[in-house]
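Here the structure is laid out as C-alpha cells; the discussion comes afterwards.
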Amino acid sequence: MSLAQKLAQERRARLAAERMLELKQAELSSANRKLGRHAMALTKRIGETQAEVETVRGENEKVKSDLTVANAKIEVAERRLWHSIQTIQDGFAFFDGDSRLISANTAYLSVFEGLDEVAPGISYSRILELLTSEGIVDLGAENASEWCCRMQRRWSRANPPPEVIQLWNGQYIRLIDQRGSGGDVVSLALNITASVRHEAELQAARDRAEAANRAKSAFLANMSHEIRTPMNGIVGMTELLSETPMDEEQRLYVNTIRNSGEALLVIINDVLDYSKIEADKLILHPEQFDLERCILEVAMLLQPSVRDKGLTLLMDYDLFLPTLFVGDPGRVRQVLTNLVGNAVKFTTEGHVLIRVTGVPHPDQQHCDIHIAIEDTGIGIEADKIGHIFGEFNQVEDERNRQFEGTGLGLAITKRLITMMGGTVWVESELGQGSCFGFRISLPTAEGPQPVPPDLDGRLKNVMVVEDLAVNRAILEKQLSRMGAEVTVCASGSEALSKLDASIDLILCDHDLPDMDGLELATTLKDRGWADLPLVIMSANPGVIHANAARQLIDGVLQKPIPRAELYSRLIALGSAALSPEPTAEPEHEALVEGGRLMRVLAAEDNRTNQLILRKMVKDLNIELRFAGNGIEAVEAYHDFAPDLIFMDISMPKMDGKQATAEIRRQEVETGHHVPIVALTAHAMAGDDQGILSAGLDHYLTKPLHKKLIHQMILDHRPDGTAPITPETD
Ligand code: ADP
C-alpha cells in the first residue's frame with residue numbers, strides 16, 4: 001500500500017474517529033441536559049416536601065397543645081361532674097359490664113355506712129346480700145333470698161324496670177338502672193320519701209273528703225226521704241182543701257201551698273236520687289220487665305200535662321223489637337220520665353214522640369235498644385248543649401227561665417245510663433226542637449213477645465184519619481206491616497170524601513181540625529155508613545166514654561197506643577168482619593142504665609193517705625173499701641170481689657208486691673184479671689223494683705192526684721156497672 005493510500009486511510013480513520021467523538025459528545029451533552037432537568041425537578045420536590053413537613057410539624061404542635069387544653073378541660077368537666085354527683089341528695093353509682101362497682105357518690109355509699117366492703121370492685125349481688133343481711137332494706141313480707149333473687153333477676157334484664165324499696169329508717173328509694181351499650185350500668189337511687197308521704201297524705205285527705213261527701217249524701221238521702229212522707233200529706237190535703245168552699249184569697253193561698261209542695265217534692269226526689277248515686281247507695285236491680293209497658297206508663301203519668309198543654313204524645317215502638325227484657329225497670333222508667341218530662345216541659349205546641357228501635361245482637365240474647373225522644377219545643381243553643389248534662393246546669397236565658405227545675409234530671413239520667421253501660425246524646429236546634437236519646441244493651445227475656453199479627457185478608461183496607469203527619473206515618477207503617485192497605489186522611493172531611501166500599505175499618509183520631517171522632521161517627525151514620533167499624537184514638541178516652549155518641553163507635557184506643565192493644569183490637573175487628581153474626585161489643589153494655597156500683601179496693605196503711613183517697617173519690621158513684629195491709633187486701637179480694645185495686649207498695653205484714661203476687665196466683669184458677677194500680681211514694685226510687693213483675697198493671701206516684709185517680713177508675717169501669725159520674729150517662 002502506497003503512502004498516499006496509507007495517509008488517506010489514516011485521514012479517513014481520523015475523520016471517522018472525529019465524527020464518532022462528535023457524536024458521543026452530542027449524546028453526552030444531551031444526557032447532561034436530562035440530568036440537569038432531573039436534578040432541577042428533584043430539588044423542587046425536595047423543597048415542596050420540606051414545606052409540607054414544616055406544615056405537618058406545625059399542625060402536630062397545634063394538636064399537641066389542643067390535646068393538652070382538651071385534657072385539662074376534661075379534667076375540669078370530670079371534676080365538676082363528680083362534684084355535682086356528690087352534691088345531689090340521691091344515690092349515684094356506675095357498674096362495669098361484670099356488675100362490679102366502678103364508683104359511687106357519697107349518698108349512695110352512706111346507706112352502707114360502716115361497711116368498708118362496699119367500695120369500687122364489689123359486685124352487685126354482694127351489695128344485695130349486704131342490704132338484706134345487714135337489715136338495711138325493709139323486706140316487708142318477703143324473705144331475704146326471695147328478695148335477692150327477684151332483685152338480681154331485675155338487674156339482669158336489658159332494661160331493668162324501676163323499683164321502689166323501703167329502707168329500715170322508713171325512707172323510700174326508687175331505683176332506676178340504665179344499661180349502656182358496653183354493658184356498663186348507671187344506677188340512680190332517688191329518695192322519694194317526701195313525695196310518697198305527700199301522696200299518702202293526699203290519699204288520706206281524699207278518702208276523708210269522699211267519706212264526708214258520702215256521709216253528706218247519705219244524710220241528704222235520709223232527710224229527703226223523711227221530708228217526702230209528710231210532704232205527701234200536705235200536698236194531698238191541700239188538694240182536698242182546694243175543693244171546699246173558699247173565697248178567692250183563700251183559694252190563692254191553698255193553691256200556692258199545693259204548687260209549692262209539689263215543686264218541693266220534685267226537688268226532693270231529684271236530690272234523693274242524686275244523693276243516692278253520690279253515696280254509692282244506688283244499685284241496679286235487674287229483673288224481667290216489659291219495656292213497652294214501661295214507656296206507656298211514663299206516657300200515662302205525663303198525660304195530664306200533655307193534655308193541659310194541648311200537646312200530642314206519641315210512641316213508635318219498632319214492630320219487630322221484643323218487649324220483654326232484663327233490666328232495672330224502675331231506673332229505665334226514671335230516665336224516661338226525665339227525658340219525656342223535659343220534652344213535655346220545654347214544648348209549648350206540637351208533639352213529643354218516643355221512638356224505640358233496636359237491633360238484636362248476633363247471639364240473639366241481647367238487643368241494642370235506641371230510645372229517642374223528639375220534641376217540637378224551644379230547643380237548645382249549640383253552645384249550651386255541652387253543659388246541660390252537668391249537675392244543676394240549666395240553659396239560662398229568657399225563654400228558659402219560665403220553666404221550673406233543679407237542673408239535676410239530666411245529670412241523674414246520664415249517671416244512670418252510664419251505670420247501665422249505655423250512652424246518652426242530644427241533638428237540638430234552637431226554636432225547632434230537641435231530640436234526646438239513649439242507647440242501652442239489654443238481655444232479652446224469655447217469654448211471649450208480641451209479634452205483629454198477619455191480618456190474613458180480614459181487614460184489607462184500613463182508613464187512618466189523623467191530622468198529625470208523624471202519627472199518620474207510624475200507623476201507616478204498622479198497619480201495612482200487618483198486611484193491610486192503608487188510606488191516610490188528615491181530616492174528617494178528607495175521610496168522608498175518600499170513603500168507599502173497599503174500606504173495612506176507620507181508625508180515627510178524636511181531635512181532628514174540622515170535627516172530632518164522634519162527630520165523624522155521627523156523620524157516617526147519617527150518610528148510611530153505620531155498619532163500618534170505627535175505632536177512635538184518644539189521649540183522653542174518658543171524654544169519649546162520657547159522650548152519648550160513644551155507642552156509634554166500635555172502641556177507643558188510648559194514645560199512645562200499645563202495640564199489643566192495637567194488634568188485639570184489629571184481630572178482633574177482623575174476625576168480627578168475617579163472622580156472619582157479629583157479637584155485641586162489650587163496651588156498648590157499659591151504657592146500660594143503672595147496674596151495680598163499681599167496686600174499688602184501696603190497700604193503704606197510712607191513715608192520712610186513706611183520708612185523702614176517700615175524699616178524692618167521694619163524688620164518684622162507686623163502692624170503696626180499704627185494706628190496711630197486704631193480708632187484708634188479699635182477703636178483701638175474695639170477699640169484696642173488687643173491679644179495681646189501688647195498692648200501696650210499702651205496707652206492714654204483707655207488702656203490695658206480695659199481695660199482688662198472691663192475688664195473681666189465685667186468679668189463675670178464676671181466670672179473671674183484676675186491674676191493680678200501684679201507689680208508691682217515689683216511683684223511681686230503687687226500692688220499688690219488681691212492682692211490675694209482681695203483676696201490677698199500672699203505676700201512680702204519690703202525692704195522689706184526684707184527676708189521675710178518677711181517670712184510672714173511669715178507664716177501668718166494667719161493663720154493666722152504674723155510671724160513675726153524672727156525665728157518664
Ligand atoms: P231541669 O229540667 O230540672 O232544669 P235537667 O237536668 O233535666 O234539669 O235539664 C237541664 C237543662 O237542659 C234544662 O233546664 C233545659 O235548659 C235543658 N233541656 C233539657 N231538656 C230539654 C228539652 N227537651 N228542650 C229544651 N231544653 C231542654
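Residue numbers start at 1 in each chain; chains themselves are named A, B, ... in the order of the C-alpha cells; ligands are numbered from 1 in the order shown.
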
Selection: 12 Å around Asp619 in chain A, only C-alpha atoms, excl. self and same-chain fewer than 5 positions, as a list of chain:residue names:
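My list of contacting residues is A:Glu243, A:Leu613, A:Arg614, A:Leu624, A:Lys706, A:His710, A:Pro723, A:Ile724, A:Thr725, A:Pro726.
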
Counting only C-alpha atoms, what is within 12 Å of range 177-183 of chain A, bar same-chain residues fewer than 5 positions away, as a PyMOL selection string?
chain A and resi 91-100+124+151+154-164+188-190

Write the residues you've just listed into a file as an mmCIF file, in the first residue's frame, and include N, CA and C atoms for each of them.
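So the final result, stored in result.cif, reads:
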data_model
loop_
_atom_site.group_PDB
_atom_site.id
_atom_site.type_symbol
_atom_site.label_atom_id
_atom_site.label_comp_id
_atom_site.auth_asym_id
_atom_site.auth_seq_id
_atom_site.Cartn_x
_atom_site.Cartn_y
_atom_site.Cartn_z
ATOM 1 N N GLY A 91 -78.647 8.833 95.486
ATOM 2 C CA GLY A 91 -77.505 7.960 95.263
ATOM 3 C C GLY A 91 -77.209 7.789 93.785
ATOM 4 N N PHE A 92 -75.887 7.683 93.453
ATOM 5 C CA PHE A 92 -75.482 7.563 92.057
ATOM 6 C C PHE A 92 -74.291 6.623 92.005
ATOM 7 N N ALA A 93 -74.335 5.630 91.101
ATOM 8 C CA ALA A 93 -73.206 4.698 91.019
ATOM 9 C C ALA A 93 -73.068 4.159 89.612
ATOM 10 N N PHE A 94 -71.803 3.752 89.271
ATOM 11 C CA PHE A 94 -71.548 3.100 87.975
ATOM 12 C C PHE A 94 -71.109 1.677 88.255
ATOM 13 N N PHE A 95 -71.570 0.799 87.397
ATOM 14 C CA PHE A 95 -71.099 -0.588 87.468
ATOM 15 C C PHE A 95 -70.549 -0.958 86.107
ATOM 16 N N ASP A 96 -69.520 -1.861 86.079
ATOM 17 C CA ASP A 96 -68.990 -2.278 84.778
ATOM 18 C C ASP A 96 -69.813 -3.439 84.228
ATOM 19 N N GLY A 97 -69.358 -3.935 83.067
ATOM 20 C CA GLY A 97 -70.114 -4.998 82.398
ATOM 21 C C GLY A 97 -70.212 -6.266 83.230
ATOM 22 N N ASP A 98 -69.302 -6.432 84.205
ATOM 23 C CA ASP A 98 -69.371 -7.619 85.074
ATOM 24 C C ASP A 98 -70.141 -7.325 86.360
ATOM 25 N N SER A 99 -70.880 -6.226 86.356
ATOM 26 C CA SER A 99 -71.686 -5.807 87.513
ATOM 27 C C SER A 99 -70.834 -5.546 88.755
ATOM 28 N N ARG A 100 -69.651 -4.986 88.517
ATOM 29 C CA ARG A 100 -68.822 -4.602 89.669
ATOM 30 C C ARG A 100 -68.832 -3.085 89.774
ATOM 31 N N TYR A 124 -72.569 -6.443 92.386
ATOM 32 C CA TYR A 124 -73.937 -6.009 92.686
ATOM 33 C C TYR A 124 -74.641 -7.043 93.558
ATOM 34 N N MET A 151 -84.481 -9.202 92.887
ATOM 35 C CA MET A 151 -83.721 -8.013 92.515
ATOM 36 C C MET A 151 -82.623 -8.355 91.507
ATOM 37 N N ARG A 154 -84.146 -8.780 88.133
ATOM 38 C CA ARG A 154 -84.461 -7.451 87.599
ATOM 39 C C ARG A 154 -83.194 -6.810 87.034
ATOM 40 N N TRP A 155 -82.108 -6.916 87.784
ATOM 41 C CA TRP A 155 -80.817 -6.314 87.392
ATOM 42 C C TRP A 155 -80.323 -6.891 86.073
ATOM 43 N N SER A 156 -80.573 -8.201 85.857
ATOM 44 C CA SER A 156 -80.045 -8.869 84.666
ATOM 45 C C SER A 156 -80.804 -8.492 83.393
ATOM 46 N N ARG A 157 -81.934 -7.856 83.536
ATOM 47 C CA ARG A 157 -82.697 -7.524 82.328
ATOM 48 C C ARG A 157 -82.005 -6.423 81.545
ATOM 49 N N ALA A 158 -82.274 -6.407 80.211
ATOM 50 C CA ALA A 158 -81.625 -5.402 79.355
ATOM 51 C C ALA A 158 -81.994 -3.996 79.837
ATOM 52 N N ASN A 159 -83.255 -3.815 80.177
ATOM 53 C CA ASN A 159 -83.700 -2.524 80.724
ATOM 54 C C ASN A 159 -84.416 -2.772 82.041
ATOM 55 N N PRO A 160 -83.685 -2.788 83.142
ATOM 56 C CA PRO A 160 -84.347 -3.096 84.423
ATOM 57 C C PRO A 160 -85.468 -2.082 84.714
ATOM 58 N N PRO A 161 -86.654 -2.579 85.070
ATOM 59 C CA PRO A 161 -87.745 -1.642 85.380
ATOM 60 C C PRO A 161 -87.474 -0.930 86.707
ATOM 61 N N PRO A 162 -87.981 0.295 86.872
ATOM 62 C CA PRO A 162 -87.775 1.000 88.154
ATOM 63 C C PRO A 162 -88.377 0.198 89.307
ATOM 64 N N GLU A 163 -87.774 0.317 90.473
ATOM 65 C CA GLU A 163 -88.239 -0.463 91.628
ATOM 66 C C GLU A 163 -88.179 0.440 92.863
ATOM 67 N N VAL A 164 -89.226 0.365 93.669
ATOM 68 C CA VAL A 164 -89.206 1.173 94.895
ATOM 69 C C VAL A 164 -88.908 0.254 96.076
ATOM 70 N N LEU A 188 -79.216 4.912 89.624
ATOM 71 C CA LEU A 188 -79.707 6.080 90.368
ATOM 72 C C LEU A 188 -80.569 5.583 91.506
ATOM 73 N N ALA A 189 -80.365 6.097 92.704
ATOM 74 C CA ALA A 189 -81.221 5.708 93.827
ATOM 75 C C ALA A 189 -81.882 6.988 94.346
ATOM 76 N N LEU A 190 -83.136 7.243 93.853
ATOM 77 C CA LEU A 190 -83.801 8.508 94.182
ATOM 78 C C LEU A 190 -84.544 8.400 95.507
#

From the options A:Leu532, A:Glu494, A:Glu632, A:Gln558, which residue's atoms come nearest to Ile544 in chain A, counting only C-alpha atoms?
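Once distances to Ile544 in chain A are computed over only C-alpha atoms, the minimum belongs to A:Gln558.
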
Looking at only C-alpha atoms and all ligand atoms, which of A:Leu430, A:Met231, A:Ala209, A:Val137 is the one that sits closest to ligand 1?
A:Leu430

Please list as a ChimeraX atom specification every residue within 6 Å of Ile136 in chain A, counting only C-alpha atoms and excluding residues in the same chain fewer than 2 positions away.
/A:131,134,167-168

Polymer residues at most 9 Å from Ala530 in chain A, only C-alpha atoms, same-chain spacing of 3 or more positions, as a PDB file with N, CA, C and O atoms, in the first residue's frame:
ATOM      1  N   ALA A 521    -168.222   9.944  63.406  1.00  0.00           N
ATOM      2  CA  ALA A 521    -169.045   8.739  63.526  1.00  0.00           C
ATOM      3  C   ALA A 521    -170.523   9.084  63.278  1.00  0.00           C
ATOM      4  O   ALA A 521    -171.242   8.358  62.569  1.00  0.00           O
ATOM      5  N   THR A 522    -170.979  10.216  63.843  1.00  0.00           N
ATOM      6  CA  THR A 522    -172.377  10.627  63.669  1.00  0.00           C
ATOM      7  C   THR A 522    -172.655  10.906  62.182  1.00  0.00           C
ATOM      8  O   THR A 522    -173.674  10.457  61.625  1.00  0.00           O
ATOM      9  N   LEU A 524    -171.073   9.714  59.638  1.00  0.00           N
ATOM     10  CA  LEU A 524    -171.049   8.448  58.891  1.00  0.00           C
ATOM     11  C   LEU A 524    -172.390   7.738  59.028  1.00  0.00           C
ATOM     12  O   LEU A 524    -172.919   7.189  58.055  1.00  0.00           O
ATOM     13  N   LYS A 525    -172.918   7.763  60.232  1.00  0.00           N
ATOM     14  CA  LYS A 525    -174.198   7.086  60.478  1.00  0.00           C
ATOM     15  C   LYS A 525    -175.287   7.753  59.621  1.00  0.00           C
ATOM     16  O   LYS A 525    -176.065   7.081  58.949  1.00  0.00           O
ATOM     17  N   ASP A 526    -175.255   9.090  59.640  1.00  0.00           N
ATOM     18  CA  ASP A 526    -176.261   9.826  58.869  1.00  0.00           C
ATOM     19  C   ASP A 526    -176.151   9.518  57.380  1.00  0.00           C
ATOM     20  O   ASP A 526    -177.126   9.551  56.651  1.00  0.00           O
ATOM     21  N   ARG A 527    -174.941   9.260  56.933  1.00  0.00           N
ATOM     22  CA  ARG A 527    -174.765   9.014  55.489  1.00  0.00           C
ATOM     23  C   ARG A 527    -174.878   7.531  55.140  1.00  0.00           C
ATOM     24  O   ARG A 527    -174.456   7.112  54.070  1.00  0.00           O
ATOM     25  N   PRO A 533    -166.988  -0.370  60.787  1.00  0.00           N
ATOM     26  CA  PRO A 533    -166.355  -0.253  62.109  1.00  0.00           C
ATOM     27  C   PRO A 533    -165.479   0.998  62.206  1.00  0.00           C
ATOM     28  O   PRO A 533    -164.730   1.304  61.273  1.00  0.00           O
ATOM     29  N   LEU A 552    -171.947   4.787  68.936  1.00  0.00           N
ATOM     30  CA  LEU A 552    -171.831   4.688  67.476  1.00  0.00           C
ATOM     31  C   LEU A 552    -170.494   4.095  67.051  1.00  0.00           C
ATOM     32  O   LEU A 552    -170.302   3.747  65.894  1.00  0.00           O
ATOM     33  N   ILE A 553    -169.563   4.019  67.986  1.00  0.00           N
ATOM     34  CA  ILE A 553    -168.224   3.575  67.569  1.00  0.00           C
ATOM     35  C   ILE A 553    -167.919   2.186  68.128  1.00  0.00           C
ATOM     36  O   ILE A 553    -168.632   1.672  68.987  1.00  0.00           O
TER      37      ILE A 553
END

Name the closest residue to ligand 1 among the candidates A:Met419, A:Leu314, A:Ala495, A:Ile268; distances are taken between atoms, counting only C-alpha atoms and all ligand atoms.
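Nearest candidate to ligand 1 out of A:Met419, A:Leu314, A:Ala495, A:Ile268: A:Ile268.
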
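Residues in contact with range 501-514 of chain A at up to 7 Å, not including ones fewer than 4 positions away on its chain and judged by only C-alpha atoms, are Leu459, Lys460, Asn461, Val462, Met463, Val464, Val465, Glu466, Asp467, Ser491, Gly492, Leu532, Pro533, Leu534, Val535, Ile536, Met537 and Ser538 of chain A.
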
Restricting the output to N, CA and C atoms, write the selected residues as a CSV table (one decimal), in the first residue's frame.
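Saved file again-v6.csv follows:
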chain,number,residue,atom,x,y,z
A,459,LEU,N,-158.8,-7.7,57.3
A,459,LEU,CA,-159.0,-6.2,57.2
A,459,LEU,C,-158.1,-5.8,56.0
A,460,LYS,N,-158.7,-5.7,54.8
A,460,LYS,CA,-157.9,-5.4,53.7
A,460,LYS,C,-157.5,-4.0,53.6
A,461,ASN,N,-158.4,-3.1,53.8
A,461,ASN,CA,-158.1,-1.7,53.7
A,461,ASN,C,-158.6,-0.9,54.9
A,462,VAL,N,-157.6,-0.3,55.6
A,462,VAL,CA,-157.9,0.5,56.8
A,462,VAL,C,-157.7,1.9,56.5
A,463,MET,N,-158.7,2.7,56.9
A,463,MET,CA,-158.5,4.2,56.7
A,463,MET,C,-158.0,4.8,58.0
A,464,VAL,N,-156.9,5.6,57.9
A,464,VAL,CA,-156.4,6.2,59.1
A,464,VAL,C,-156.7,7.7,59.0
A,465,VAL,N,-157.5,8.2,60.0
A,465,VAL,CA,-157.8,9.7,59.9
A,465,VAL,C,-157.0,10.3,61.1
A,466,GLU,N,-156.1,11.1,60.8
A,466,GLU,CA,-155.2,11.7,61.8
A,466,GLU,C,-154.5,12.9,61.2
A,467,ASP,N,-154.7,14.0,62.0
A,467,ASP,CA,-154.1,15.3,61.4
A,467,ASP,C,-152.6,15.4,61.6
A,491,SER,N,-158.0,14.8,57.8
A,491,SER,CA,-159.1,15.5,58.4
A,491,SER,C,-160.4,14.6,58.2
A,492,GLY,N,-161.4,15.0,59.0
A,492,GLY,CA,-162.7,14.3,58.9
A,492,GLY,C,-163.3,14.5,57.5
A,532,LEU,N,-169.9,0.4,59.2
A,532,LEU,CA,-168.5,0.4,59.0
A,532,LEU,C,-167.8,0.6,60.4
A,533,PRO,N,-167.0,-0.4,60.8
A,533,PRO,CA,-166.4,-0.3,62.1
A,533,PRO,C,-165.5,1.0,62.2
A,534,LEU,N,-165.6,1.7,63.3
A,534,LEU,CA,-164.8,2.9,63.5
A,534,LEU,C,-164.2,2.8,65.0
A,535,VAL,N,-162.9,3.0,65.1
A,535,VAL,CA,-162.3,3.0,66.4
A,535,VAL,C,-161.6,4.3,66.5
A,536,ILE,N,-161.9,4.9,67.7
A,536,ILE,CA,-161.3,6.3,67.9
A,536,ILE,C,-160.0,6.2,68.8
A,537,MET,N,-159.0,7.0,68.4
A,537,MET,CA,-157.8,7.0,69.2
A,537,MET,C,-157.8,8.3,69.9
A,538,SER,N,-157.6,8.2,71.2
A,538,SER,CA,-157.6,9.5,72.0
A,538,SER,C,-156.7,9.4,73.2

Excluding same-chain residues fewer than 2 positions from range 379-389 of chain A, what lies within 6 Å of it counting only C-alpha atoms, as number ranges by chain?
A: 377, 393-394, 410-411, 428-434

Save the residues we just selected, N, CA and C atoms, as a PDB file, in the first residue's frame?
ATOM      1  N   GLY A 377    -140.170  21.551  70.690  1.00  0.00           N
ATOM      2  CA  GLY A 377    -140.128  22.612  71.699  1.00  0.00           C
ATOM      3  C   GLY A 377    -139.139  23.717  71.412  1.00  0.00           C
ATOM      4  N   ASN A 393    -127.126  22.284  86.098  1.00  0.00           N
ATOM      5  CA  ASN A 393    -126.935  23.126  84.922  1.00  0.00           C
ATOM      6  C   ASN A 393    -128.225  23.272  84.138  1.00  0.00           C
ATOM      7  N   GLN A 394    -128.573  24.500  83.878  1.00  0.00           N
ATOM      8  CA  GLN A 394    -129.756  24.771  83.070  1.00  0.00           C
ATOM      9  C   GLN A 394    -129.374  25.805  82.036  1.00  0.00           C
ATOM     10  N   LEU A 410    -130.992  15.680  84.074  1.00  0.00           N
ATOM     11  CA  LEU A 410    -130.128  15.113  83.037  1.00  0.00           C
ATOM     12  C   LEU A 410    -128.854  14.531  83.638  1.00  0.00           C
ATOM     13  N   ALA A 411    -128.369  15.156  84.723  1.00  0.00           N
ATOM     14  CA  ALA A 411    -127.165  14.619  85.380  1.00  0.00           C
ATOM     15  C   ALA A 411    -127.476  13.223  85.912  1.00  0.00           C
ATOM     16  N   SER A 428    -130.109  19.226  68.991  1.00  0.00           N
ATOM     17  CA  SER A 428    -131.154  20.228  69.191  1.00  0.00           C
ATOM     18  C   SER A 428    -130.912  21.425  68.295  1.00  0.00           C
ATOM     19  N   GLU A 429    -132.000  22.057  67.922  1.00  0.00           N
ATOM     20  CA  GLU A 429    -131.894  23.274  67.145  1.00  0.00           C
ATOM     21  C   GLU A 429    -132.777  24.315  67.810  1.00  0.00           C
ATOM     22  N   LEU A 430    -132.191  25.452  68.061  1.00  0.00           N
ATOM     23  CA  LEU A 430    -132.926  26.487  68.789  1.00  0.00           C
ATOM     24  C   LEU A 430    -134.218  26.846  68.049  1.00  0.00           C
ATOM     25  N   GLY A 431    -135.293  26.807  68.768  1.00  0.00           N
ATOM     26  CA  GLY A 431    -136.578  27.182  68.178  1.00  0.00           C
ATOM     27  C   GLY A 431    -137.248  26.078  67.384  1.00  0.00           C
ATOM     28  N   GLN A 432    -136.521  25.009  67.104  1.00  0.00           N
ATOM     29  CA  GLN A 432    -137.085  23.930  66.278  1.00  0.00           C
ATOM     30  C   GLN A 432    -137.472  22.710  67.110  1.00  0.00           C
ATOM     31  N   GLY A 433    -136.696  22.441  68.143  1.00  0.00           N
ATOM     32  CA  GLY A 433    -136.978  21.265  68.964  1.00  0.00           C
ATOM     33  C   GLY A 433    -135.709  20.517  69.303  1.00  0.00           C
ATOM     34  N   SER A 434    -135.879  19.498  70.123  1.00  0.00           N
ATOM     35  CA  SER A 434    -134.717  18.729  70.572  1.00  0.00           C
ATOM     36  C   SER A 434    -134.989  17.252  70.390  1.00  0.00           C
TER      37      SER A 434
END

Residue set, range 556-661 of chain A restricted to strand (DSSP E), as a PDB file with C-alpha atoms, in the first residue's frame:
ATOM      1  CA  VAL A 556    -161.483   3.538  71.905  1.00  0.00           C
ATOM      2  CA  LEU A 557    -157.718   3.185  71.866  1.00  0.00           C
ATOM      3  CA  GLN A 558    -155.775   5.179  74.407  1.00  0.00           C
ATOM      4  CA  MET A 598    -168.167  -0.350  90.587  1.00  0.00           C
ATOM      5  CA  ARG A 599    -166.170  -1.849  93.478  1.00  0.00           C
ATOM      6  CA  VAL A 600    -162.824  -0.244  94.251  1.00  0.00           C
ATOM      7  CA  LEU A 601    -160.468  -1.633  96.857  1.00  0.00           C
ATOM      8  CA  ALA A 602    -157.679   0.556  98.229  1.00  0.00           C
ATOM      9  CA  ALA A 603    -154.896  -1.137 100.180  1.00  0.00           C
ATOM     10  CA  ILE A 622    -168.512   3.734  93.429  1.00  0.00           C
ATOM     11  CA  GLU A 623    -168.189   1.382  96.363  1.00  0.00           C
ATOM     12  CA  LEU A 624    -164.867   1.966  98.097  1.00  0.00           C
ATOM     13  CA  ARG A 625    -163.301  -0.326 100.643  1.00  0.00           C
ATOM     14  CA  PHE A 626    -159.946  -0.022 102.415  1.00  0.00           C
ATOM     15  CA  ALA A 627    -157.484  -2.694 103.437  1.00  0.00           C
ATOM     16  CA  LEU A 644    -160.133  -2.258  90.551  1.00  0.00           C
ATOM     17  CA  ILE A 645    -157.492  -2.285  93.281  1.00  0.00           C
ATOM     18  CA  PHE A 646    -155.275   0.611  94.330  1.00  0.00           C
ATOM     19  CA  MET A 647    -152.316  -0.994  96.040  1.00  0.00           C
ATOM     20  CA  ASP A 648    -149.831   0.847  98.228  1.00  0.00           C
TER      21      ASP A 648
END
